[in-house]
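J.: So I've got this file, coords17.cif, and it contains mmCIF, N, CA and C atoms and all ligand atoms:
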data_structure
loop_
_atom_site.label_atom_id
_atom_site.label_comp_id
_atom_site.auth_asym_id
_atom_site.auth_seq_id
_atom_site.Cartn_x
_atom_site.Cartn_y
_atom_site.Cartn_z
N MET K 1365 -42.31 -17.56 92.09
CA MET K 1365 -43.05 -16.29 92.23
C MET K 1365 -44.56 -16.58 92.29
N GLU K 1366 -45.22 -16.07 93.29
CA GLU K 1366 -46.65 -16.36 93.43
C GLU K 1366 -47.50 -15.46 92.53
N ALA K 1367 -48.54 -16.06 92.01
CA ALA K 1367 -49.46 -15.28 91.20
C ALA K 1367 -50.29 -14.37 92.12
N LEU K 1368 -50.50 -13.17 91.68
CA LEU K 1368 -51.31 -12.24 92.46
C LEU K 1368 -52.67 -12.11 91.80
N ASP K 1369 -53.66 -11.82 92.62
CA ASP K 1369 -55.01 -11.66 92.08
C ASP K 1369 -55.04 -10.58 91.01
N GLY K 1370 -55.71 -10.90 89.92
CA GLY K 1370 -55.88 -9.89 88.87
C GLY K 1370 -54.71 -9.79 87.92
N LEU K 1371 -53.67 -10.57 88.18
CA LEU K 1371 -52.52 -10.54 87.27
C LEU K 1371 -52.59 -11.73 86.32
N GLY K 1372 -52.08 -11.52 85.15
CA GLY K 1372 -52.01 -12.61 84.19
C GLY K 1372 -50.89 -13.55 84.56
N PRO K 1373 -50.72 -14.62 83.78
CA PRO K 1373 -49.67 -15.59 84.07
C PRO K 1373 -48.27 -15.01 83.89
N GLU K 1374 -47.33 -15.57 84.62
CA GLU K 1374 -45.92 -15.24 84.39
C GLU K 1374 -45.57 -15.73 82.99
N PRO K 1375 -44.90 -14.89 82.21
CA PRO K 1375 -44.67 -15.27 80.81
C PRO K 1375 -43.75 -16.47 80.60
N LEU K 1376 -42.95 -16.83 81.58
CA LEU K 1376 -42.08 -18.00 81.39
C LEU K 1376 -42.61 -19.22 82.13
N SER K 1377 -43.88 -19.16 82.52
CA SER K 1377 -44.49 -20.32 83.17
C SER K 1377 -45.32 -21.11 82.16
N ASP K 1378 -45.66 -22.34 82.54
CA ASP K 1378 -46.48 -23.20 81.67
C ASP K 1378 -47.88 -22.63 81.47
N GLU K 1379 -48.28 -21.75 82.37
CA GLU K 1379 -49.63 -21.17 82.27
C GLU K 1379 -49.75 -20.19 81.11
N PHE K 1380 -48.64 -19.75 80.60
CA PHE K 1380 -48.66 -18.76 79.52
C PHE K 1380 -48.74 -19.49 78.18
N THR K 1381 -49.98 -19.71 77.73
CA THR K 1381 -50.20 -20.49 76.52
C THR K 1381 -50.75 -19.60 75.40
N VAL K 1382 -50.65 -20.10 74.18
CA VAL K 1382 -51.21 -19.37 73.05
C VAL K 1382 -52.73 -19.24 73.22
N GLU K 1383 -53.36 -20.32 73.65
CA GLU K 1383 -54.81 -20.29 73.84
C GLU K 1383 -55.22 -19.26 74.89
N GLY K 1384 -54.51 -19.27 75.98
CA GLY K 1384 -54.81 -18.33 77.06
C GLY K 1384 -54.63 -16.89 76.63
N LEU K 1385 -53.54 -16.65 75.89
CA LEU K 1385 -53.25 -15.31 75.42
C LEU K 1385 -54.32 -14.87 74.41
N ALA K 1386 -54.68 -15.78 73.51
CA ALA K 1386 -55.70 -15.47 72.51
C ALA K 1386 -57.01 -15.10 73.19
N GLN K 1387 -57.38 -15.85 74.20
CA GLN K 1387 -58.62 -15.57 74.93
C GLN K 1387 -58.56 -14.23 75.63
N ALA K 1388 -57.43 -13.95 76.24
CA ALA K 1388 -57.28 -12.69 76.97
C ALA K 1388 -57.35 -11.50 76.03
N LEU K 1389 -56.77 -11.65 74.83
CA LEU K 1389 -56.74 -10.53 73.89
C LEU K 1389 -58.07 -10.35 73.17
N ALA K 1390 -58.83 -11.42 73.06
CA ALA K 1390 -60.07 -11.38 72.29
C ALA K 1390 -61.05 -10.33 72.80
N GLY K 1391 -61.06 -10.08 74.09
CA GLY K 1391 -62.01 -9.13 74.65
C GLY K 1391 -61.50 -7.71 74.72
N ARG K 1392 -60.31 -7.46 74.15
CA ARG K 1392 -59.68 -6.15 74.30
C ARG K 1392 -59.67 -5.36 73.01
N LYS K 1393 -60.23 -4.17 73.05
CA LYS K 1393 -60.25 -3.34 71.84
C LYS K 1393 -59.10 -2.35 71.80
N GLY K 1394 -58.36 -2.25 72.89
CA GLY K 1394 -57.29 -1.26 72.96
C GLY K 1394 -56.09 -1.64 72.11
N ALA K 1395 -55.16 -0.69 72.00
CA ALA K 1395 -53.92 -0.93 71.27
C ALA K 1395 -53.16 -2.06 71.94
N ILE K 1396 -52.61 -2.96 71.13
CA ILE K 1396 -51.93 -4.14 71.68
C ILE K 1396 -50.81 -3.75 72.64
N LYS K 1397 -50.08 -2.69 72.32
CA LYS K 1397 -48.99 -2.28 73.21
C LYS K 1397 -49.51 -1.98 74.61
N GLN K 1398 -50.61 -1.22 74.66
CA GLN K 1398 -51.18 -0.83 75.94
C GLN K 1398 -51.74 -2.05 76.68
N VAL K 1399 -52.37 -2.92 75.91
CA VAL K 1399 -52.95 -4.13 76.50
C VAL K 1399 -51.84 -5.01 77.10
N LEU K 1400 -50.71 -5.09 76.40
CA LEU K 1400 -49.60 -5.91 76.92
C LEU K 1400 -49.06 -5.37 78.24
N LEU K 1401 -49.13 -4.05 78.40
CA LEU K 1401 -48.61 -3.45 79.62
C LEU K 1401 -49.62 -3.51 80.77
N ALA K 1402 -50.87 -3.82 80.45
CA ALA K 1402 -51.88 -4.00 81.49
C ALA K 1402 -51.59 -5.35 82.13
N GLN K 1403 -51.30 -5.35 83.40
CA GLN K 1403 -50.74 -6.53 84.05
C GLN K 1403 -51.67 -7.74 84.11
N GLU K 1404 -52.96 -7.55 83.77
CA GLU K 1404 -53.85 -8.70 83.88
C GLU K 1404 -53.73 -9.66 82.70
N ILE K 1405 -53.02 -9.25 81.66
CA ILE K 1405 -52.82 -10.15 80.52
C ILE K 1405 -51.57 -11.00 80.74
N ILE K 1406 -50.47 -10.34 81.06
CA ILE K 1406 -49.21 -11.02 81.34
C ILE K 1406 -48.59 -10.28 82.52
N ALA K 1407 -48.25 -11.01 83.55
CA ALA K 1407 -47.69 -10.37 84.75
C ALA K 1407 -46.31 -9.80 84.48
N GLY K 1408 -46.17 -8.52 84.76
CA GLY K 1408 -44.83 -7.94 84.80
C GLY K 1408 -44.12 -7.68 83.49
N LEU K 1409 -44.85 -7.65 82.40
CA LEU K 1409 -44.18 -7.37 81.13
C LEU K 1409 -43.89 -5.87 81.06
N GLY K 1410 -42.62 -5.51 80.98
CA GLY K 1410 -42.23 -4.11 80.98
C GLY K 1410 -42.27 -3.47 79.62
N ASN K 1411 -42.05 -2.17 79.61
CA ASN K 1411 -42.17 -1.38 78.39
C ASN K 1411 -41.18 -1.82 77.30
N ILE K 1412 -39.96 -2.12 77.71
CA ILE K 1412 -38.96 -2.50 76.70
C ILE K 1412 -39.34 -3.82 76.03
N TYR K 1413 -39.67 -4.82 76.86
CA TYR K 1413 -39.98 -6.08 76.20
C TYR K 1413 -41.23 -6.05 75.37
N ALA K 1414 -42.17 -5.21 75.79
CA ALA K 1414 -43.39 -5.12 74.99
C ALA K 1414 -43.02 -4.66 73.57
N ASP K 1415 -42.16 -3.64 73.48
CA ASP K 1415 -41.71 -3.16 72.17
C ASP K 1415 -40.95 -4.24 71.41
N GLU K 1416 -40.06 -4.92 72.12
CA GLU K 1416 -39.23 -5.93 71.47
C GLU K 1416 -40.07 -7.13 71.00
N ALA K 1417 -41.03 -7.51 71.82
CA ALA K 1417 -41.87 -8.66 71.46
C ALA K 1417 -42.75 -8.34 70.26
N LEU K 1418 -43.25 -7.11 70.20
CA LEU K 1418 -44.09 -6.71 69.06
C LEU K 1418 -43.26 -6.66 67.78
N PHE K 1419 -42.03 -6.21 67.91
CA PHE K 1419 -41.14 -6.21 66.74
C PHE K 1419 -40.88 -7.64 66.29
N TYR K 1420 -40.58 -8.50 67.22
CA TYR K 1420 -40.34 -9.91 66.92
C TYR K 1420 -41.52 -10.49 66.14
N ALA K 1421 -42.72 -10.13 66.57
CA ALA K 1421 -43.93 -10.70 65.97
C ALA K 1421 -44.43 -9.91 64.77
N SER K 1422 -43.73 -8.83 64.41
CA SER K 1422 -44.13 -7.96 63.29
C SER K 1422 -45.55 -7.42 63.45
N ILE K 1423 -45.86 -6.99 64.66
CA ILE K 1423 -47.19 -6.44 64.94
C ILE K 1423 -47.05 -4.96 65.32
N HIS K 1424 -47.83 -4.10 64.68
CA HIS K 1424 -47.81 -2.67 64.98
C HIS K 1424 -48.33 -2.43 66.40
N PRO K 1425 -47.66 -1.55 67.17
CA PRO K 1425 -48.09 -1.33 68.56
C PRO K 1425 -49.51 -0.77 68.71
N LEU K 1426 -50.03 -0.14 67.66
CA LEU K 1426 -51.38 0.42 67.76
C LEU K 1426 -52.46 -0.54 67.26
N ARG K 1427 -52.06 -1.67 66.81
CA ARG K 1427 -53.05 -2.67 66.37
C ARG K 1427 -54.02 -2.99 67.51
N ARG K 1428 -55.30 -3.07 67.18
CA ARG K 1428 -56.27 -3.42 68.22
C ARG K 1428 -56.05 -4.88 68.64
N ALA K 1429 -56.00 -5.07 69.93
CA ALA K 1429 -55.66 -6.40 70.46
C ALA K 1429 -56.61 -7.49 69.96
N ASN K 1430 -57.89 -7.15 69.84
CA ASN K 1430 -58.85 -8.19 69.48
C ASN K 1430 -58.88 -8.51 67.99
N THR K 1431 -58.01 -7.88 67.20
CA THR K 1431 -57.98 -8.19 65.76
C THR K 1431 -56.80 -9.09 65.40
N LEU K 1432 -56.00 -9.47 66.37
CA LEU K 1432 -54.87 -10.34 66.06
C LEU K 1432 -55.36 -11.72 65.63
N THR K 1433 -54.71 -12.24 64.60
CA THR K 1433 -55.05 -13.60 64.15
C THR K 1433 -54.38 -14.60 65.09
N HIS K 1434 -54.80 -15.84 64.97
CA HIS K 1434 -54.22 -16.88 65.82
C HIS K 1434 -52.72 -17.00 65.58
N VAL K 1435 -52.33 -16.89 64.33
CA VAL K 1435 -50.91 -16.98 63.98
C VAL K 1435 -50.14 -15.83 64.64
N GLU K 1436 -50.72 -14.63 64.61
CA GLU K 1436 -50.05 -13.48 65.22
C GLU K 1436 -49.94 -13.64 66.74
N VAL K 1437 -50.99 -14.17 67.35
CA VAL K 1437 -50.96 -14.39 68.80
C VAL K 1437 -49.85 -15.38 69.13
N ALA K 1438 -49.74 -16.43 68.31
CA ALA K 1438 -48.70 -17.44 68.54
C ALA K 1438 -47.31 -16.81 68.39
N ARG K 1439 -47.14 -15.96 67.38
CA ARG K 1439 -45.85 -15.29 67.18
C ARG K 1439 -45.54 -14.34 68.32
N LEU K 1440 -46.57 -13.65 68.79
CA LEU K 1440 -46.39 -12.70 69.89
C LEU K 1440 -45.97 -13.43 71.16
N ARG K 1441 -46.61 -14.55 71.43
CA ARG K 1441 -46.23 -15.34 72.61
C ARG K 1441 -44.77 -15.79 72.48
N GLU K 1442 -44.42 -16.25 71.30
CA GLU K 1442 -43.05 -16.68 71.04
C GLU K 1442 -42.07 -15.52 71.25
N GLY K 1443 -42.48 -14.34 70.77
CA GLY K 1443 -41.64 -13.16 70.91
C GLY K 1443 -41.42 -12.78 72.36
N ILE K 1444 -42.47 -12.83 73.15
CA ILE K 1444 -42.38 -12.48 74.57
C ILE K 1444 -41.43 -13.45 75.28
N VAL K 1445 -41.62 -14.74 75.03
CA VAL K 1445 -40.77 -15.75 75.66
C VAL K 1445 -39.33 -15.58 75.20
N SER K 1446 -39.17 -15.29 73.91
CA SER K 1446 -37.85 -15.16 73.33
C SER K 1446 -37.07 -13.97 73.90
N VAL K 1447 -37.70 -12.80 73.98
CA VAL K 1447 -36.97 -11.63 74.48
C VAL K 1447 -36.64 -11.77 75.97
N LEU K 1448 -37.55 -12.41 76.71
CA LEU K 1448 -37.29 -12.62 78.14
C LEU K 1448 -36.15 -13.60 78.33
N THR K 1449 -36.16 -14.66 77.55
CA THR K 1449 -35.13 -15.69 77.67
C THR K 1449 -33.77 -15.12 77.30
N LEU K 1450 -33.74 -14.33 76.24
CA LEU K 1450 -32.50 -13.69 75.81
C LEU K 1450 -31.93 -12.82 76.93
N GLY K 1451 -32.80 -12.06 77.55
CA GLY K 1451 -32.36 -11.18 78.63
C GLY K 1451 -31.78 -11.96 79.80
N ILE K 1452 -32.41 -13.06 80.13
CA ILE K 1452 -31.93 -13.87 81.24
C ILE K 1452 -30.57 -14.46 80.91
N GLU K 1453 -30.40 -14.91 79.68
CA GLU K 1453 -29.12 -15.47 79.26
C GLU K 1453 -28.01 -14.43 79.34
N HIS K 1454 -28.39 -13.17 79.15
CA HIS K 1454 -27.37 -12.12 79.15
C HIS K 1454 -27.30 -11.37 80.46
N GLY K 1455 -27.46 -12.06 81.55
CA GLY K 1455 -27.19 -11.40 82.82
C GLY K 1455 -28.21 -11.62 83.90
N GLY K 1456 -29.48 -11.62 83.58
CA GLY K 1456 -30.48 -11.80 84.62
C GLY K 1456 -30.58 -13.28 84.97
N THR K 1457 -30.87 -13.58 86.22
CA THR K 1457 -31.04 -14.99 86.58
C THR K 1457 -32.50 -15.27 86.87
N SER K 1458 -33.29 -14.24 86.96
CA SER K 1458 -34.71 -14.45 87.19
C SER K 1458 -35.47 -13.38 86.44
N PHE K 1459 -36.73 -13.60 86.32
CA PHE K 1459 -37.56 -12.67 85.59
C PHE K 1459 -37.50 -11.28 86.21
N SER K 1460 -37.56 -11.20 87.53
CA SER K 1460 -37.58 -9.87 88.16
C SER K 1460 -36.24 -9.16 88.00
N GLU K 1461 -35.14 -9.92 88.06
CA GLU K 1461 -33.84 -9.30 87.84
C GLU K 1461 -33.73 -8.79 86.42
N TYR K 1462 -34.27 -9.59 85.54
CA TYR K 1462 -34.25 -9.21 84.14
C TYR K 1462 -34.96 -7.88 83.94
N ARG K 1463 -36.09 -7.76 84.58
CA ARG K 1463 -36.86 -6.51 84.46
C ARG K 1463 -36.02 -5.33 84.94
N ASP K 1464 -35.30 -5.53 86.04
CA ASP K 1464 -34.46 -4.45 86.56
C ASP K 1464 -33.35 -4.11 85.57
N LEU K 1465 -32.74 -5.16 85.03
CA LEU K 1465 -31.65 -4.95 84.08
C LEU K 1465 -32.10 -4.13 82.88
N TRP K 1466 -33.26 -4.47 82.40
CA TRP K 1466 -33.73 -3.77 81.21
C TRP K 1466 -34.16 -2.36 81.53
N GLY K 1467 -34.41 -2.11 82.78
CA GLY K 1467 -34.78 -0.75 83.19
C GLY K 1467 -33.56 0.16 83.20
N GLU K 1468 -32.40 -0.44 83.31
CA GLU K 1468 -31.14 0.32 83.32
C GLU K 1468 -30.42 0.07 82.00
N ALA K 1469 -29.43 0.90 81.74
CA ALA K 1469 -28.66 0.71 80.51
C ALA K 1469 -27.54 -0.31 80.76
N GLY K 1470 -27.92 -1.52 81.07
CA GLY K 1470 -26.94 -2.57 81.33
C GLY K 1470 -26.57 -3.32 80.07
N ASP K 1471 -25.97 -4.45 80.24
CA ASP K 1471 -25.53 -5.28 79.13
C ASP K 1471 -26.68 -5.62 78.19
N ASN K 1472 -27.84 -5.86 78.78
CA ASN K 1472 -28.99 -6.26 77.96
C ASN K 1472 -29.41 -5.18 76.98
N TYR K 1473 -29.01 -4.00 77.28
CA TYR K 1473 -29.35 -2.89 76.40
C TYR K 1473 -28.80 -3.10 75.00
N ASN K 1474 -27.71 -3.83 74.92
CA ASN K 1474 -27.11 -4.09 73.61
C ASN K 1474 -27.92 -5.07 72.78
N HIS K 1475 -28.87 -5.72 73.40
CA HIS K 1475 -29.62 -6.75 72.68
C HIS K 1475 -30.98 -6.27 72.20
N VAL K 1476 -31.27 -5.00 72.40
CA VAL K 1476 -32.56 -4.51 71.94
C VAL K 1476 -32.52 -4.28 70.43
N ARG K 1477 -33.67 -4.51 69.80
CA ARG K 1477 -33.78 -4.33 68.36
C ARG K 1477 -34.42 -2.99 67.99
N VAL K 1478 -35.38 -2.57 68.79
CA VAL K 1478 -36.09 -1.33 68.48
C VAL K 1478 -36.08 -0.30 69.61
N TYR K 1479 -36.01 -0.76 70.84
CA TYR K 1479 -36.15 0.16 71.96
C TYR K 1479 -35.07 1.24 71.96
N HIS K 1480 -35.52 2.48 72.00
CA HIS K 1480 -34.63 3.64 71.98
C HIS K 1480 -33.74 3.70 70.75
N ARG K 1481 -34.15 3.05 69.68
CA ARG K 1481 -33.35 3.09 68.45
C ARG K 1481 -34.02 3.98 67.40
N GLN K 1482 -34.89 4.89 67.82
CA GLN K 1482 -35.59 5.74 66.87
C GLN K 1482 -34.60 6.49 65.97
N GLY K 1483 -34.91 6.48 64.66
CA GLY K 1483 -34.04 7.16 63.71
C GLY K 1483 -32.93 6.26 63.18
N GLN K 1484 -32.65 5.16 63.87
CA GLN K 1484 -31.61 4.23 63.41
C GLN K 1484 -32.25 3.16 62.53
N PRO K 1485 -31.47 2.59 61.61
CA PRO K 1485 -32.05 1.61 60.69
C PRO K 1485 -32.51 0.34 61.39
N CYS K 1486 -33.67 -0.14 60.97
CA CYS K 1486 -34.19 -1.43 61.43
C CYS K 1486 -33.17 -2.51 61.11
N LEU K 1487 -32.90 -3.39 62.07
CA LEU K 1487 -31.90 -4.43 61.87
C LEU K 1487 -32.37 -5.48 60.87
N ARG K 1488 -33.66 -5.48 60.56
CA ARG K 1488 -34.21 -6.45 59.62
C ARG K 1488 -34.29 -5.87 58.20
N CYS K 1489 -34.73 -4.60 58.08
CA CYS K 1489 -35.01 -4.09 56.74
C CYS K 1489 -34.35 -2.74 56.44
N GLY K 1490 -33.76 -2.09 57.43
CA GLY K 1490 -33.07 -0.83 57.19
C GLY K 1490 -33.92 0.42 57.29
N THR K 1491 -35.23 0.28 57.41
CA THR K 1491 -36.11 1.44 57.57
C THR K 1491 -35.86 2.08 58.93
N PRO K 1492 -35.82 3.42 59.00
CA PRO K 1492 -35.61 4.05 60.31
C PRO K 1492 -36.71 3.69 61.32
N ILE K 1493 -36.28 3.35 62.50
CA ILE K 1493 -37.21 3.03 63.59
C ILE K 1493 -37.93 4.31 64.01
N GLU K 1494 -39.21 4.19 64.27
CA GLU K 1494 -40.00 5.34 64.71
C GLU K 1494 -40.35 5.23 66.18
N ARG K 1495 -40.58 6.41 66.76
CA ARG K 1495 -40.99 6.45 68.16
C ARG K 1495 -42.33 7.16 68.24
N ILE K 1496 -43.27 6.55 68.92
CA ILE K 1496 -44.57 7.17 69.16
C ILE K 1496 -44.89 7.00 70.65
N THR K 1497 -45.97 7.63 71.07
CA THR K 1497 -46.40 7.45 72.45
C THR K 1497 -47.71 6.68 72.45
N VAL K 1498 -47.76 5.60 73.19
CA VAL K 1498 -48.97 4.80 73.30
C VAL K 1498 -49.30 4.67 74.78
N GLY K 1499 -50.48 5.18 75.15
CA GLY K 1499 -50.85 5.12 76.57
C GLY K 1499 -49.80 5.76 77.45
N GLN K 1500 -49.26 6.87 77.00
CA GLN K 1500 -48.25 7.65 77.74
C GLN K 1500 -46.91 6.94 77.85
N ARG K 1501 -46.75 5.81 77.17
CA ARG K 1501 -45.46 5.12 77.23
C ARG K 1501 -44.76 5.28 75.89
N SER K 1502 -43.47 5.51 75.98
CA SER K 1502 -42.63 5.63 74.81
C SER K 1502 -42.61 4.27 74.09
N THR K 1503 -42.85 4.31 72.78
CA THR K 1503 -43.04 3.07 72.01
C THR K 1503 -42.22 3.15 70.73
N HIS K 1504 -41.50 2.10 70.42
CA HIS K 1504 -40.59 2.09 69.28
C HIS K 1504 -40.93 0.93 68.36
N PHE K 1505 -40.93 1.20 67.06
CA PHE K 1505 -41.30 0.13 66.11
C PHE K 1505 -40.76 0.45 64.73
N CYS K 1506 -40.72 -0.56 63.87
CA CYS K 1506 -40.34 -0.38 62.48
C CYS K 1506 -41.61 -0.24 61.64
N PRO K 1507 -41.78 0.92 60.99
CA PRO K 1507 -43.02 1.12 60.23
C PRO K 1507 -43.14 0.20 59.01
N ASN K 1508 -42.05 -0.41 58.61
CA ASN K 1508 -42.10 -1.34 57.48
C ASN K 1508 -42.38 -2.78 57.94
N CYS K 1509 -41.68 -3.23 58.95
CA CYS K 1509 -41.87 -4.60 59.44
C CYS K 1509 -43.17 -4.74 60.22
N GLN K 1510 -43.62 -3.64 60.82
CA GLN K 1510 -44.81 -3.69 61.67
C GLN K 1510 -45.88 -2.75 61.11
N LYS K 1511 -46.44 -3.14 60.01
CA LYS K 1511 -47.45 -2.30 59.36
C LYS K 1511 -48.75 -2.34 60.13
N LEU K 1512 -49.44 -1.19 60.15
CA LEU K 1512 -50.73 -1.15 60.84
C LEU K 1512 -51.81 -1.64 59.91
N ILE K 1513 -52.40 -2.76 60.29
CA ILE K 1513 -53.46 -3.36 59.48
C ILE K 1513 -54.80 -2.95 60.10
N GLU K 1514 -55.62 -2.27 59.32
CA GLU K 1514 -56.93 -1.87 59.85
C GLU K 1514 -57.92 -2.95 59.51
N GLU K 1515 -58.74 -3.30 60.47
CA GLU K 1515 -59.74 -4.34 60.21
C GLU K 1515 -60.87 -3.79 59.37
ZN ZN E 1 -37.97 -3.23 59.56
#
Any chance you could put this one into structure tokens?
Ligand SMILES: [Zn+2]

T.:
Amino acid sequence: MEALDGLGPEPLSDEFTVEGLAQALAGRKGAIKQVLLAQEIIAGLGNIYADEALFYASIHPLRRANTLTHVEVARLREGIVSVLTLGIEHGGTSFSEYRDLWGEAGDNYNHVRVYHRQGQPCLRCGTPIERITVGQRSTHFCPNCQKLIEE
């Protein structure tokens, strides 16, 4: 897949590094969820994986992107790679197919931890998953695992 001007690296490519992600987030004051969906940070990261990756990394979706610690950025990168890889293993053969699969209620839907699970217990701690709107996108998170830390 060719990189397009103004787009960030493909998340499963070697170009997607912790350092690169840290640098990209450092200049962003917006909510991390919204920043992740802005294609110039990571190419093609969809709404579902953004929620899943933030849950993986225990980061609140409204956290300001530029306040993430290095450890959190590393966990977030790991989360993004992990949720994408999981999706590919469960049906998608490429990143773009994976994106399509997650857009539909396919097999991969069974592997989500927070997406569309509002009101259901968190698989990690049992707290009901909450749904909020961030940048007009439906956003799901565990208020206990993903506490909002104010700087
Ligand atoms: Zn939880």

J.: Identify, on the basis of all atoms listed in the file, every residue whose closest approach to Glu1442 in chain K does not exceed 8 Å; exclude the query and any residue fewer than 3 positions from it along the same chain; express the result as an NGL selection string.

T.: :K and (1382 or 1417 or 1420-1421 or 1436-1439 or 1445-1448)

J.: Within 7 Å of ligand ZN 1 (chain E), counting only C-alpha atoms and all ligand atoms, which protein or nucleic acid residues do you find, written as a PyMOL selection string?

T.: chain K and resi 1486-1491+1506-1509

J.: At what distance in Å, to one decimal, does atom N of Ile1493 in chain K lie from atom N of Ala1395 in chain K?

T.: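 Separating atom N of Ala1395 in chain K from atom N of Ile1493 in chain K is a distance of 21.5 Å.
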
J.: Which distance in Å separates atom C of Pro1373 in chain K and atom C of Glu1494 in chain K, to one decimal?

T.: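 Distance reported for this atom pair: 28.0 Å.
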
J.: Just list as a ChimeraX atom specification whatever in range 1391-1462 of chain K DSSP marks as alpha helix (DSSP H).

T.: /K:1396-1401,1411-1420,1434-1453,1459-1462

J.: Point out the residue among K:Ile1396, K:Glu1383, K:Ile1496, K:Gly1370 with the least atom-to-atom distance to His1424 in chain K, counting only C-alpha atoms.

T.: K:Ile1396

J.: Do you have the atom N of Gln1398 in chain K-CA of Ile1444 in chain K distance handy?

T.: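 We find that atom N of Gln1398 in chain K and CA of Ile1444 in chain K lie 13.9 Å from each other.
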
J.: Measuring atom to atom with only N, CA and C atoms, identify which of K:Leu1371, K:Leu1450, K:Ala1414, K:Leu1401 is nearest to His1504 in chain K.

T.: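 Looking only at the distances to His1504 in chain K, the closest residue turns out to be K:Ala1414.
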
J.: Quick one: residues within 9 Å of Val1498 in chain K, only C-alpha atoms counted, chain neighbours fewer than 4 positions away excluded, as a list in words?

T.: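 Once the adjacent positions are removed, what remains is Ala1395, Lys1397, Gln1398, Pro1425, Leu1426, Ser1502 and Thr1503 of chain K.
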
J.: Write the residues of the selection above to a file with N, CA and C atoms, as a short mmCIF file (atom, residue, chain, number, x, y, z; two decimals), in the frame of the given file.

T.:
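Saved result, out09.cif, follows:
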data_model
loop_
_atom_site.label_atom_id
_atom_site.label_comp_id
_atom_site.auth_asym_id
_atom_site.auth_seq_id
_atom_site.Cartn_x
_atom_site.Cartn_y
_atom_site.Cartn_z
N ALA K 1395 -55.16 -0.69 72.00
CA ALA K 1395 -53.92 -0.93 71.27
C ALA K 1395 -53.16 -2.06 71.94
N LYS K 1397 -50.08 -2.69 72.32
CA LYS K 1397 -48.99 -2.28 73.21
C LYS K 1397 -49.51 -1.98 74.61
N GLN K 1398 -50.61 -1.22 74.66
CA GLN K 1398 -51.18 -0.83 75.94
C GLN K 1398 -51.74 -2.05 76.68
N PRO K 1425 -47.66 -1.55 67.17
CA PRO K 1425 -48.09 -1.33 68.56
C PRO K 1425 -49.51 -0.77 68.71
N LEU K 1426 -50.03 -0.14 67.66
CA LEU K 1426 -51.38 0.42 67.76
C LEU K 1426 -52.46 -0.54 67.26
N SER K 1502 -43.47 5.51 75.98
CA SER K 1502 -42.63 5.63 74.81
C SER K 1502 -42.61 4.27 74.09
N THR K 1503 -42.85 4.31 72.78
CA THR K 1503 -43.04 3.07 72.01
C THR K 1503 -42.22 3.15 70.73
#

J.: Using all atoms listed in the file, can you tell me which of K:Gln1500, K:Val1478, K:Arg1441, K:Ala1429 comes closest to Phe1380 in chain K?

T.: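 Going through K:Gln1500, K:Val1478, K:Arg1441, K:Ala1429 one by one, the smallest distance to Phe1380 in chain K is for K:Arg1441.
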
J.: For each of K:Arg1501, K:Lys1511, K:Lys1393, K:His1480, take the minimum atom-to-atom distance to Glu1416 in chain K, counting only C-alpha atoms, then give the residue where this is smallest.

T.: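 Closest to Glu1416 in chain K, using only C-alpha atoms: K:His1480.
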
J.: Please determine, counting only N, CA and C atoms, which residue among K:Thr1431, K:Pro1492, K:Leu1512, K:Val1476 has the shortest atom-to-atom distance to Ala1390 in chain K.

T.: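 Answer, going by the shortest atom-to-atom distance: K:Thr1431.
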
J.: Ranking K:Gln1387, K:Thr1381, K:Gly1372, K:Ile1423 by minimum distance to Ile1406 in chain K and counting only N, CA and C atoms, which one comes first?

T.: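 Selected residue with least distance to Ile1406 in chain K: K:Gly1372.
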